[in-house]
Amino acid sequence: MNFSKLPQLVDMRGELKSKGTYSKRSKSITYRVWHHSLTKKYLAGSDAAGFAGYHVNTLGWPGIGYTFIIEPKNVINTPNGKRARIVYANDIDRRTYHVGNSNQFSLGICVAGDYRYDTMDEATLASIAELHAALVKDGVGKYDKAHNEMPGYSWKACCQYNYRDAFDWKGSKTPVKPQPAPDVYTIQEGDTLWSIAHKDGTGGV
Ligand SMILES: [Zn+2]
């Protein structure tokens with residue numbers, strides 16, 4: 001899986017607060033659903049551990065409701081630059097709670113922050129873009145939706161950031177520098193070294 005190789009990803013499956021297990025999905029993942037946490041991004045508890053505590057202790061869920069959590073306040077230096085930490089919290093194949101009747105076929109990704117007020121920073125945009133690109137490559141989900149684009153949630157102020165713009169963050173689209181074509185000439189019958197040297201116009205004589 002490409003997503004598991006992201007240098008800013010930390011595998012915390014089984015380490016966050018839980019009081020049970022989510023059942024396995026009965027359907028394959030169709031939607032990648034983008035959330036924000038509605039907790040300002042630099043607050044204590046505005047991270048995977050904080051959300052796990054809330055989902056388990058207050059809401060009574062088996063564990064944290066998202067598969068991935070992006071944490072703007074935990075910045076990691078990676079070979080590609082500064083990146084917001086991505087916590088991998090639940091196996092991809094677990095039907096976690098985040099979009100009601102659509103949970104069976106929806107993957108939940110939460111960016112910590114309250115984007116009615118917070119602004120996105122570069123390290124977070126980069127992590128959104130790279131996680132998205134990796135999931136697309138891995139074939140995890142087919143479409144992207146904000147929480148409030150899912151059936152029954154149009155009233156919800158989630159996710160409040162432009163997730164499609166985030167996917168286009170510049171770092172994810174930096175084209176690979178094209179290699180100059182090697183200057184190779186295939187010797188053909190009748191060529192002599194002297195005639196080859198004159199084909200590129202630099203020959204002396
Ligand atoms: Zn949401």
# chains A, B, ... in the order shown; residues from 1 in each chain; ligands from 1

call {"tool": "select_by_dssp", "arguments": {"residues": "range 32-199 of chain A", "states": "alpha helix (DSSP H)", "output": "ChimeraX atom specification"}}
result
/A:48-53,122-138,163-167,170-173,193-199

call {"tool": "residues_near_ligand", "arguments": {"ligand": "ligand 1", "cutoff": "6 Å", "atoms": "only C-alpha atoms and all ligand atoms", "output": "PyMOL selection string"}}
result
chain A and resi 35-36+147+158-159

call {"tool": "write_last_selection", "arguments": {"atoms": "N, CA, C and O atoms", "output": "short mmCIF file (atom, residue, chain, number, x, y, z; two decimals), in the first residue's frame"}}
result
data_model
loop_
_atom_site.label_atom_id
_atom_site.label_comp_id
_atom_site.auth_asym_id
_atom_site.auth_seq_id
_atom_site.Cartn_x
_atom_site.Cartn_y
_atom_site.Cartn_z
N HIS A 35 -13.49 15.14 6.57
CA HIS A 35 -14.05 15.80 7.74
C HIS A 35 -13.06 16.83 8.30
O HIS A 35 -11.88 16.78 7.98
N HIS A 36 -13.57 17.71 9.16
CA HIS A 36 -12.68 18.42 10.06
C HIS A 36 -13.20 18.13 11.46
O HIS A 36 -14.27 17.55 11.63
N HIS A 147 -18.10 15.55 4.22
CA HIS A 147 -19.12 14.96 5.08
C HIS A 147 -20.52 15.45 4.70
O HIS A 147 -21.46 14.67 4.55
N CYS A 158 -19.34 20.54 7.86
CA CYS A 158 -18.18 19.67 7.73
C CYS A 158 -18.04 19.29 6.26
O CYS A 158 -18.99 18.78 5.70
N CYS A 159 -16.94 19.65 5.54
CA CYS A 159 -15.68 19.83 6.24
C CYS A 159 -15.20 21.28 6.30
O CYS A 159 -14.21 21.54 6.99
#

call {"tool": "atom_distance", "arguments": {"atom1": "CA of Gly108 in chain A", "atom2": "CA of Pro79 in chain A"}}
result
26.9 Å

call {"tool": "select_by_dssp", "arguments": {"residues": "chain A", "states": "strand (DSSP E)", "output": "PyMOL selection string"}}
result
chain A and resi 9-11+31-36+68-78+81-88+106-111+143-146

call {"tool": "residues_around", "arguments": {"residues": "Asp91 in chain A", "least_positions_apart": "2", "cutoff": "10 Å", "atoms": "only C-alpha atoms", "output": "list in words"}}
result
Asp11, Arg13, Gly14, Tyr22, Lys24, Tyr66, Thr67, Phe68, Tyr88, Ala89, Asp93, Arg94, Arg95 and Thr96 of chain A

call {"tool": "atom_distance", "arguments": {"atom1": "CA of Thr124 in chain A", "atom2": "CA of Ile109 in chain A"}}
result
12.9 Å

call {"tool": "closest_residue", "arguments": {"among": "A:Pro7, A:Gly113, A:Gly53, A:Gly65", "to": "Lys41 in chain A", "atoms": "only C-alpha atoms"}}
result
A:Gly113

call {"tool": "closest_residue", "arguments": {"among": "A:Ser106, A:Gln8, A:Ser37, A:Ser18", "to": "Val75 in chain A", "atoms": "only C-alpha atoms"}}
result
A:Gln8

call {"tool": "residues_around", "arguments": {"residues": "Thr30 in chain A", "least_positions_apart": "4", "cutoff": "10 Å", "atoms": "only C-alpha atoms", "output": "VMD selection string"}}
result
chain A and resid 102 104 to 107 139 to 144

call {"tool": "decode", "arguments": {"residues": "range 58-77 of chain A", "atoms": "N, CA, C and O atoms", "output": "PDB file, in the first residue's frame"}}
result
ATOM      1  N   THR A  58     -17.451   9.736  25.440  1.00  0.00           N
ATOM      2  CA  THR A  58     -18.655  10.564  25.382  1.00  0.00           C
ATOM      3  C   THR A  58     -19.717   9.959  24.471  1.00  0.00           C
ATOM      4  O   THR A  58     -20.893   9.916  24.831  1.00  0.00           O
ATOM      5  N   LEU A  59     -19.303   9.506  23.294  1.00  0.00           N
ATOM      6  CA  LEU A  59     -20.286   8.992  22.337  1.00  0.00           C
ATOM      7  C   LEU A  59     -20.534   7.493  22.504  1.00  0.00           C
ATOM      8  O   LEU A  59     -21.506   6.963  21.968  1.00  0.00           O
ATOM      9  N   GLY A  60     -19.655   6.799  23.213  1.00  0.00           N
ATOM     10  CA  GLY A  60     -19.844   5.369  23.460  1.00  0.00           C
ATOM     11  C   GLY A  60     -19.556   4.493  22.257  1.00  0.00           C
ATOM     12  O   GLY A  60     -20.077   3.373  22.160  1.00  0.00           O
ATOM     13  N   TRP A  61     -18.715   4.974  21.351  1.00  0.00           N
ATOM     14  CA  TRP A  61     -18.376   4.190  20.167  1.00  0.00           C
ATOM     15  C   TRP A  61     -17.278   3.175  20.502  1.00  0.00           C
ATOM     16  O   TRP A  61     -16.561   3.340  21.494  1.00  0.00           O
ATOM     17  N   PRO A  62     -17.098   2.151  19.644  1.00  0.00           N
ATOM     18  CA  PRO A  62     -16.050   1.146  19.925  1.00  0.00           C
ATOM     19  C   PRO A  62     -14.633   1.731  19.888  1.00  0.00           C
ATOM     20  O   PRO A  62     -13.727   1.236  20.555  1.00  0.00           O
ATOM     21  N   GLY A  63     -14.442   2.759  19.074  1.00  0.00           N
ATOM     22  CA  GLY A  63     -13.117   3.374  18.957  1.00  0.00           C
ATOM     23  C   GLY A  63     -13.245   4.652  18.161  1.00  0.00           C
ATOM     24  O   GLY A  63     -14.358   5.072  17.816  1.00  0.00           O
ATOM     25  N   ILE A  64     -12.118   5.256  17.847  1.00  0.00           N
ATOM     26  CA  ILE A  64     -12.156   6.489  17.066  1.00  0.00           C
ATOM     27  C   ILE A  64     -12.873   6.235  15.739  1.00  0.00           C
ATOM     28  O   ILE A  64     -12.719   5.178  15.124  1.00  0.00           O
ATOM     29  N   GLY A  65     -13.672   7.199  15.304  1.00  0.00           N
ATOM     30  CA  GLY A  65     -14.540   6.999  14.144  1.00  0.00           C
ATOM     31  C   GLY A  65     -13.882   7.165  12.785  1.00  0.00           C
ATOM     32  O   GLY A  65     -14.505   6.855  11.771  1.00  0.00           O
ATOM     33  N   TYR A  66     -12.659   7.654  12.751  1.00  0.00           N
ATOM     34  CA  TYR A  66     -11.988   7.883  11.465  1.00  0.00           C
ATOM     35  C   TYR A  66     -10.912   6.832  11.214  1.00  0.00           C
ATOM     36  O   TYR A  66     -10.369   6.248  12.148  1.00  0.00           O
ATOM     37  N   THR A  67     -10.605   6.634   9.953  1.00  0.00           N
ATOM     38  CA  THR A  67      -9.481   5.748   9.612  1.00  0.00           C
ATOM     39  C   THR A  67      -8.171   6.526   9.666  1.00  0.00           C
ATOM     40  O   THR A  67      -7.165   6.023  10.172  1.00  0.00           O
ATOM     41  N   PHE A  68      -8.204   7.752   9.136  1.00  0.00           N
ATOM     42  CA  PHE A  68      -7.000   8.594   9.149  1.00  0.00           C
ATOM     43  C   PHE A  68      -7.316   9.934   9.813  1.00  0.00           C
ATOM     44  O   PHE A  68      -8.403  10.492   9.603  1.00  0.00           O
ATOM     45  N   ILE A  69      -6.344  10.440  10.568  1.00  0.00           N
ATOM     46  CA  ILE A  69      -6.462  11.757  11.177  1.00  0.00           C
ATOM     47  C   ILE A  69      -5.194  12.538  10.838  1.00  0.00           C
ATOM     48  O   ILE A  69      -4.081  12.045  11.043  1.00  0.00           O
ATOM     49  N   ILE A  70      -5.375  13.723  10.293  1.00  0.00           N
ATOM     50  CA  ILE A  70      -4.239  14.593   9.971  1.00  0.00           C
ATOM     51  C   ILE A  70      -4.152  15.656  11.058  1.00  0.00           C
ATOM     52  O   ILE A  70      -5.152  16.322  11.358  1.00  0.00           O
ATOM     53  N   GLU A  71      -2.961  15.773  11.667  1.00  0.00           N
ATOM     54  CA  GLU A  71      -2.783  16.632  12.837  1.00  0.00           C
ATOM     55  C   GLU A  71      -1.867  17.828  12.526  1.00  0.00           C
ATOM     56  O   GLU A  71      -0.650  17.704  12.575  1.00  0.00           O
ATOM     57  N   PRO A  72      -2.436  18.999  12.247  1.00  0.00           N
ATOM     58  CA  PRO A  72      -1.619  20.170  11.915  1.00  0.00           C
ATOM     59  C   PRO A  72      -0.638  20.575  13.014  1.00  0.00           C
ATOM     60  O   PRO A  72       0.397  21.153  12.734  1.00  0.00           O
ATOM     61  N   LYS A  73      -0.954  20.281  14.264  1.00  0.00           N
ATOM     62  CA  LYS A  73      -0.043  20.740  15.329  1.00  0.00           C
ATOM     63  C   LYS A  73       1.140  19.808  15.525  1.00  0.00           C
ATOM     64  O   LYS A  73       2.078  20.151  16.235  1.00  0.00           O
ATOM     65  N   ASN A  74       1.105  18.637  14.903  1.00  0.00           N
ATOM     66  CA  ASN A  74       2.249  17.727  14.976  1.00  0.00           C
ATOM     67  C   ASN A  74       2.962  17.709  13.627  1.00  0.00           C
ATOM     68  O   ASN A  74       2.611  16.939  12.739  1.00  0.00           O
ATOM     69  N   VAL A  75       3.939  18.591  13.516  1.00  0.00           N
ATOM     70  CA  VAL A  75       4.648  18.731  12.240  1.00  0.00           C
ATOM     71  C   VAL A  75       5.885  17.837  12.249  1.00  0.00           C
ATOM     72  O   VAL A  75       6.629  17.795  13.228  1.00  0.00           O
ATOM     73  N   ILE A  76       6.035  17.106  11.170  1.00  0.00           N
ATOM     74  CA  ILE A  76       7.145  16.160  11.042  1.00  0.00           C
ATOM     75  C   ILE A  76       8.051  16.627   9.912  1.00  0.00           C
ATOM     76  O   ILE A  76       7.573  17.021   8.849  1.00  0.00           O
ATOM     77  N   ASN A  77       9.359  16.587  10.167  1.00  0.00           N
ATOM     78  CA  ASN A  77      10.313  16.886   9.099  1.00  0.00           C
ATOM     79  C   ASN A  77      10.525  15.616   8.284  1.00  0.00           C
ATOM     80  O   ASN A  77      10.977  14.609   8.817  1.00  0.00           O
TER      81      ASN A  77
END
